[in-house]
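The block underneath contains the structure these notes are about, expressed in structure tokens.
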Amino acid sequence: MKLKNLFFTLLLCAFVSTVTAQEVITNESIIQMMELGFDDSMIIDKIYTSDVKFDASIAGLGALKKAGASSEVLSLVMEKSKQNTKSKTGIYFVNEDGDNELIQPAVFSGTNNNQVAQKLVSGLINSKQKARLPRTKSNNVIKTDRPEFTFIFNPATTEVDNLQTGQGNGNGGLLNWWFRVASNPNEFVLVKLKVKERQNLREVITGKSSWISSSEGVDPKLAIGFDIEEIEGNKFKVTPTSLEPGEYAFLYQGQVPQGRQNQSVFDFSVQ
């Protein structure tokens, strides 16, 4: 009997170690916990205190029900499946494994005013301001022409919170300040980046100027449309119109807080 208790204890320790390393609770985690003798209160506590990735489809819930999950656990799985990712703010895309992957912002390597390419039109000089990203391809690769993105905002997040979680960008700003001051994907614009193979960079026009007027931001004519579906109060599903292979980026176009610079974009590659 003592040997059986010892074996059970070792199994519990092994399971706790595995879950701690993964840091994400799934349907399979719940089934494993039930098989090891965890009661409802322990399972529910673990769900509330962990990152989760649940399958709330009929098949997924059916497997949990068949394994003996209670109605309370099933209801919590359905509720938490709406999150289905870490609650960190940012833009996520679905990778090849079907997981939500966070797009880390890329920093512009510099800007260029096309002085050489200026054109004289009716005696007025027109010039374009271009922002450039290093390399010709993004590290965020998407292999579908109809990708889905998840935008997560958190206006309550403070700068102190971001600094404490190591989200500083080393450029006098905070990595996720966009998602603290913004509240809707409409404050972002999606554009296709022009690839310069010989210069090993990608670029986008971010402003125009002439003798009589000037404008900053991406030309609305260059913006790519996308559908927005609210999942929760601070979470949205964004689905662009069909995208051909190429380099793209979401740029924040909302109000920039004092002391901040909008030097970054959320880039991705469609292959």
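Please note that chains go A, B, ... in the order of the structure tokens, that every chain numbers its residues from 1, and that ligands are numbered from 1 in the order shown.
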Compile the contact shell of Ile142 of chain A as an MDAnalysis selection string: residues with an atom at most 9 Å away, counting only C-alpha atoms, same-chain residues fewer than 2 positions apart removed. chainID A and resid 93:96 140 144:145 147 268:271
Using N, CA and C atoms, can you write the selected residues to a file as a JSON list (two decimals), in the first residue's frame?
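Printed below is again-v2.json as written:
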```json
[["chain", "number", "residue", "atom", "x", "y", "z"],
["A", 93, "PHE", "N", -0.72, 35.91, -34.78],
["A", 93, "PHE", "CA", -1.15, 35.23, -35.99],
["A", 93, "PHE", "C", -1.07, 33.73, -35.75],
["A", 94, "VAL", "N", -1.80, 32.97, -36.56],
["A", 94, "VAL", "CA", -1.81, 31.51, -36.42],
["A", 94, "VAL", "C", -0.67, 30.93, -37.25],
["A", 95, "ASN", "N", 0.27, 30.24, -36.58],
["A", 95, "ASN", "CA", 1.41, 29.68, -37.29],
["A", 95, "ASN", "C", 1.08, 28.30, -37.87],
["A", 96, "GLU", "N", 2.09, 27.65, -38.46],
["A", 96, "GLU", "CA", 1.88, 26.36, -39.14],
["A", 96, "GLU", "C", 1.37, 25.27, -38.21],
["A", 140, "ASN", "N", 8.24, 36.64, -39.38],
["A", 140, "ASN", "CA", 6.90, 36.12, -39.13],
["A", 140, "ASN", "C", 6.31, 35.63, -40.45],
["A", 144, "THR", "N", -0.73, 31.31, -45.87],
["A", 144, "THR", "CA", -2.10, 31.33, -46.37],
["A", 144, "THR", "C", -2.39, 32.74, -46.87],
["A", 145, "ASP", "N", -3.23, 32.84, -47.89],
["A", 145, "ASP", "CA", -3.55, 34.17, -48.42],
["A", 145, "ASP", "C", -4.75, 34.79, -47.70],
["A", 147, "PRO", "N", -5.04, 35.11, -43.96],
["A", 147, "PRO", "CA", -4.64, 34.93, -42.57],
["A", 147, "PRO", "C", -5.62, 35.59, -41.60],
["A", 268, "PHE", "N", 4.99, 41.01, -41.35],
["A", 268, "PHE", "CA", 4.83, 39.58, -41.60],
["A", 268, "PHE", "C", 4.98, 39.31, -43.09],
["A", 269, "SER", "N", 5.28, 38.07, -43.40],
["A", 269, "SER", "CA", 5.49, 37.66, -44.78],
["A", 269, "SER", "C", 4.46, 36.62, -45.17],
["A", 270, "VAL", "N", 3.78, 36.83, -46.29],
["A", 270, "VAL", "CA", 2.82, 35.86, -46.82],
["A", 270, "VAL", "C", 3.51, 35.06, -47.92],
["A", 271, "GLN", "N", 3.54, 33.75, -47.75],
["A", 271, "GLN", "CA", 4.21, 32.89, -48.74],
["A", 271, "GLN", "C", 3.24, 31.88, -49.36]]
```
Between atom CA of Thr206 of chain A and atom CA of Phe179 of chain A, what is the distance, to one decimal in Å? 20.8 Å
Using only C-alpha atoms, the best pick from A:Val181, A:Phe108, A:Ile228, A:Glu101 as closest to Asn139 of chain A would be A:Glu101
Return the single residue from A:Ser183, A:Ala106, A:Ser242, A:Leu133 that is closest to Phe266 of chain A, with distances computed using only C-alpha atoms. A:Ala106
Could you give me, as a PyMOL selection string, the residues within 10 Å of segment 191-204 of chain A, counting only C-alpha atoms and dropping anything in the same chain fewer than 4 positions from it? chain A and resi 108-112+128-138+218-225+243-251+267-269
Can you list, as a CSV table (one decimal) with C-alpha atoms, in the first residue's frame, every protein, DNA or RNA residue that comes within 7 Å of Asp55 of chain A when you count only C-alpha atoms, leaving out same-chain residues fewer than 2 positions away?
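What ended up in out-v3.csv:
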```csv
chain,number,residue,atom,x,y,z
A,27,ASN,CA,-7.9,19.8,-22.8
A,53,LYS,CA,-5.3,26.9,-24.9
A,57,SER,CA,-15.4,22.4,-30.3
A,60,GLY,CA,-13.2,18.6,-27.8
A,81,SER,CA,-11.4,29.1,-24.9
```
Using only C-alpha atoms for the distances, tell me which of A:Ile205, A:Ala69, A:Val265, A:Val141 is nearest to Glu35 of chain A. A:Ala69
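Residues in contact with Gly68 of chain A at up to 9 Å, not including ones fewer than 5 positions away on its chain and judged by only C-alpha atoms, are Ile31, Met34 and Ala63 of chain A.
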